[in-house]
Amino acid sequence: MTTDKELMVAGKLYYSGGAELTAGRARARELVYQFNQTAPAAFAKRQAVLRALFDCPSGDAYAEVPIRVDYGENVHVGRKFYANYECILLDIAPITIGDHVMFGPRVGLYTAGHPLIADIRNEDLEYGHPITIGDNVWLGGNVTVCPGVTIGANTVVGAGAVVTHDLPANVMAAGVPAKVLRPITEADKADWASQKAEYERLMGPVSRG
């Protein structure tokens, strides 16, 4: 027999008020509460809670306090993920985040959707569409990513953008709704390599402690 949880993850209409999903949200709220209440110096405890909350095989995801999620278990995170303050991940459907992804403050990834018809919406029937973020993506502060969106590798999205459609790899995008502004080019690479070389001339090779 199909469960509402299976329907939810598959992007089908499902009922959100059943026992299994209610328990899943309660588990997530408890872990989020533990994470958000840790003292600034309690790094190891905070990281342990984050590993329990997200699927992060590398174990090195990092998020600033506070965060918010629906389930947590549907968030799949690659290596060296970083989320700044007040990240919101509504993981009704799977959220898949690649390696070396950076989120600015108040980034929101919202997989959740509700029926357009009020009578059906009022019966607590919902649906979700997955979000996929490629490797090396940087989302600026207050970026909103809507259900079903894929953002390609190396792309940078400017602060305040609302991403309603897929974005390709290797571009800069911004706006409401977000649109591609230009590609990230070899000239950009050369410029930033020059700035890094100047830093290393002044300070020596980058030290990571």
# chains A, B, ... in the order shown; residues from 1 in each chain; ligands from 1

$ select_by_dssp --residues "segment 3-199 of chain A" --states "helix (DSSP H, G or I)" --output "ChimeraX atom specification"
/A:4-9,19-36,43-53,118-121,186-199

$ select_by_dssp --residues "segment 11-170 of chain A" --states "strand (DSSP E)" --output "ChimeraX atom specification"
/A:14-15,62-63,67-69,75-77,82-83,87-90,95-97,102-103,108-110,112-113,125-128,131-133,138-139,144-145,150-151,156-157,162-163

$ write_last_selection --atoms "N, CA and C atoms" --output "short mmCIF file (atom, residue, chain, number, x, y, z; two decimals), in the first residue's frame"
data_model
loop_
_atom_site.label_atom_id
_atom_site.label_comp_id
_atom_site.auth_asym_id
_atom_site.auth_seq_id
_atom_site.Cartn_x
_atom_site.Cartn_y
_atom_site.Cartn_z
N TYR A 14 -0.60 14.63 -1.65
CA TYR A 14 -0.58 13.80 -0.44
C TYR A 14 -1.27 14.55 0.69
N TYR A 15 -1.63 13.82 1.74
CA TYR A 15 -2.27 14.39 2.92
C TYR A 15 -1.22 14.61 3.99
N TYR A 62 27.97 23.02 7.09
CA TYR A 62 28.00 24.02 8.17
C TYR A 62 26.88 25.02 7.93
N ALA A 63 26.13 25.32 8.98
CA ALA A 63 25.06 26.31 8.90
C ALA A 63 25.13 27.20 10.12
N ILE A 67 18.35 27.97 11.71
CA ILE A 67 17.86 27.36 10.47
C ILE A 67 16.42 26.91 10.70
N ARG A 68 15.73 26.63 9.58
CA ARG A 68 14.38 26.07 9.64
C ARG A 68 14.24 25.02 8.54
N VAL A 69 13.63 23.89 8.86
CA VAL A 69 13.36 22.85 7.86
C VAL A 69 11.99 22.24 8.16
N VAL A 75 16.81 16.56 2.71
CA VAL A 75 17.87 17.48 2.30
C VAL A 75 19.15 16.68 2.12
N HIS A 76 19.66 16.65 0.88
CA HIS A 76 20.86 15.88 0.54
C HIS A 76 21.96 16.86 0.16
N VAL A 77 23.04 16.86 0.94
CA VAL A 77 24.04 17.92 0.87
C VAL A 77 25.41 17.34 0.51
N TYR A 82 27.82 25.48 2.91
CA TYR A 82 27.76 26.54 3.91
C TYR A 82 26.47 27.32 3.75
N ALA A 83 25.73 27.51 4.85
CA ALA A 83 24.52 28.33 4.86
C ALA A 83 24.66 29.42 5.91
N CYS A 87 18.64 30.34 7.19
CA CYS A 87 18.34 29.50 6.03
C CYS A 87 17.04 28.73 6.27
N ILE A 88 16.18 28.68 5.24
CA ILE A 88 14.92 27.94 5.32
C ILE A 88 14.88 26.92 4.19
N LEU A 89 14.72 25.66 4.54
CA LEU A 89 14.66 24.57 3.57
C LEU A 89 13.35 23.81 3.78
N LEU A 90 12.36 24.08 2.93
CA LEU A 90 11.09 23.37 3.01
C LEU A 90 11.20 22.13 2.13
N ILE A 95 15.52 18.02 -1.70
CA ILE A 95 16.43 19.12 -2.01
C ILE A 95 17.83 18.51 -2.12
N THR A 96 18.44 18.66 -3.28
CA THR A 96 19.77 18.09 -3.53
C THR A 96 20.73 19.23 -3.79
N ILE A 97 21.78 19.32 -2.96
CA ILE A 97 22.75 20.42 -3.00
C ILE A 97 24.12 19.83 -3.26
N MET A 102 27.38 27.71 -1.47
CA MET A 102 27.30 28.76 -0.45
C MET A 102 25.96 29.47 -0.53
N PHE A 103 25.31 29.64 0.63
CA PHE A 103 24.06 30.39 0.73
C PHE A 103 24.32 31.65 1.55
N GLY A 108 16.01 30.91 0.95
CA GLY A 108 14.92 29.97 1.13
C GLY A 108 14.75 29.06 -0.07
N LEU A 109 14.76 27.75 0.16
CA LEU A 109 14.48 26.76 -0.88
C LEU A 109 13.14 26.12 -0.54
N TYR A 110 12.14 26.36 -1.41
CA TYR A 110 10.77 25.98 -1.10
C TYR A 110 10.27 24.96 -2.12
N ALA A 112 7.63 23.11 -1.52
CA ALA A 112 6.22 22.85 -1.21
C ALA A 112 5.28 23.63 -2.11
N GLY A 113 4.14 23.00 -2.43
CA GLY A 113 3.09 23.65 -3.19
C GLY A 113 1.72 23.25 -2.65
N LEU A 125 -4.39 18.82 1.64
CA LEU A 125 -3.71 18.11 0.56
C LEU A 125 -2.65 19.04 -0.05
N GLU A 126 -1.46 18.52 -0.22
CA GLU A 126 -0.32 19.31 -0.68
C GLU A 126 0.45 18.52 -1.73
N TYR A 127 1.47 19.17 -2.31
CA TYR A 127 2.39 18.48 -3.21
C TYR A 127 3.72 19.21 -3.14
N GLY A 128 4.75 18.61 -3.70
CA GLY A 128 6.06 19.26 -3.75
C GLY A 128 6.81 18.85 -4.99
N ILE A 131 14.07 20.39 -5.75
CA ILE A 131 15.02 21.47 -6.09
C ILE A 131 16.41 20.86 -6.13
N THR A 132 17.16 21.22 -7.17
CA THR A 132 18.53 20.72 -7.30
C THR A 132 19.47 21.90 -7.51
N ILE A 133 20.53 21.96 -6.68
CA ILE A 133 21.54 23.02 -6.75
C ILE A 133 22.87 22.37 -7.11
N TRP A 138 26.63 29.82 -5.74
CA TRP A 138 26.54 30.81 -4.68
C TRP A 138 25.21 31.54 -4.82
N LEU A 139 24.37 31.44 -3.80
CA LEU A 139 23.10 32.16 -3.75
C LEU A 139 23.25 33.32 -2.78
N THR A 144 15.23 33.41 -3.13
CA THR A 144 14.16 32.42 -3.00
C THR A 144 14.19 31.50 -4.21
N VAL A 145 14.23 30.20 -3.96
CA VAL A 145 14.20 29.20 -5.03
C VAL A 145 12.87 28.46 -4.93
N THR A 150 16.06 23.76 -10.99
CA THR A 150 17.45 23.28 -11.00
C THR A 150 18.36 24.45 -11.34
N ILE A 151 19.44 24.62 -10.58
CA ILE A 151 20.44 25.66 -10.83
C ILE A 151 21.75 24.97 -11.17
N VAL A 156 26.05 31.96 -10.09
CA VAL A 156 25.91 32.92 -8.99
C VAL A 156 24.57 33.63 -9.16
N VAL A 157 23.77 33.67 -8.09
CA VAL A 157 22.46 34.32 -8.12
C VAL A 157 22.48 35.50 -7.16
N VAL A 162 14.28 35.91 -7.11
CA VAL A 162 13.28 34.86 -6.97
C VAL A 162 13.42 33.95 -8.18
N VAL A 163 13.91 32.73 -7.94
CA VAL A 163 14.22 31.82 -9.03
C VAL A 163 13.01 30.93 -9.28
#

$ atom_distance --atom1 "atom CA of His100 of chain A" --atom2 "atom CA of Arg79 of chain A"
5.9 Å

$ closest_residue --among "A:Pro168, A:Gly140, A:Gly175, A:Gly24" --to "Lys5 of chain A" --atoms "only C-alpha atoms"
A:Gly24

$ residues_around --residues "Asp99 of chain A" --least-positions-apart "4" --cutoff "10 Å" --atoms "only C-alpha atoms" --output "ChimeraX atom specification"
/A:58,61,77-82,133-137,153

$ write_last_selection --atoms "C-alpha atoms" --output "JSON list (two decimals), in the first residue's frame"
[["chain", "number", "residue", "atom", "x", "y", "z"],
["A", 58, "SER", "CA", 30.88, 14.00, 3.98],
["A", 61, "ALA", "CA", 28.09, 20.78, 6.18],
["A", 77, "VAL", "CA", 24.04, 17.92, 0.87],
["A", 78, "GLY", "CA", 27.44, 17.60, -0.82],
["A", 79, "ARG", "CA", 30.90, 18.45, 0.49],
["A", 80, "LYS", "CA", 31.67, 21.81, 2.15],
["A", 81, "PHE", "CA", 28.13, 23.19, 2.14],
["A", 82, "TYR", "CA", 27.76, 26.54, 3.91],
["A", 133, "ILE", "CA", 21.54, 23.02, -6.75],
["A", 134, "GLY", "CA", 24.72, 22.18, -8.69],
["A", 135, "ASP", "CA", 28.33, 22.24, -7.50],
["A", 136, "ASN", "CA", 29.97, 25.57, -6.65],
["A", 137, "VAL", "CA", 26.74, 27.59, -6.72],
["A", 153, "ALA", "CA", 27.06, 24.33, -11.52]]

$ residues_around --residues "Arg46 of chain A" --least-positions-apart "3" --cutoff "6 Å" --atoms "only C-alpha atoms" --output "PyMOL selection string"
chain A and resi 35+43+49

$ write_last_selection --atoms "N, CA and C atoms" --output "mmCIF file, in the first residue's frame"
data_model
loop_
_atom_site.group_PDB
_atom_site.id
_atom_site.type_symbol
_atom_site.label_atom_id
_atom_site.label_comp_id
_atom_site.auth_asym_id
_atom_site.auth_seq_id
_atom_site.Cartn_x
_atom_site.Cartn_y
_atom_site.Cartn_z
ATOM 1 N N PHE A 35 19.574 22.459 17.562
ATOM 2 C CA PHE A 35 20.610 23.163 16.791
ATOM 3 C C PHE A 35 20.589 24.649 17.106
ATOM 4 N N PHE A 43 30.488 23.984 19.032
ATOM 5 C CA PHE A 43 30.602 23.609 17.625
ATOM 6 C C PHE A 43 30.342 22.125 17.413
ATOM 7 N N VAL A 49 24.202 17.571 15.593
ATOM 8 C CA VAL A 49 22.775 17.723 15.328
ATOM 9 C C VAL A 49 22.525 17.903 13.834
#

$ residues_around --residues "His129 of chain A" --least-positions-apart "6" --cutoff "7 Å" --atoms "only C-alpha atoms" --output "list in words"
Gly11, Ala93, Thr111, Ala112, Pro147 and Gly148 of chain A

$ atom_distance --atom1 "atom CA of Arg121 of chain A" --atom2 "atom CA of Tyr33 of chain A"
28.6 Å
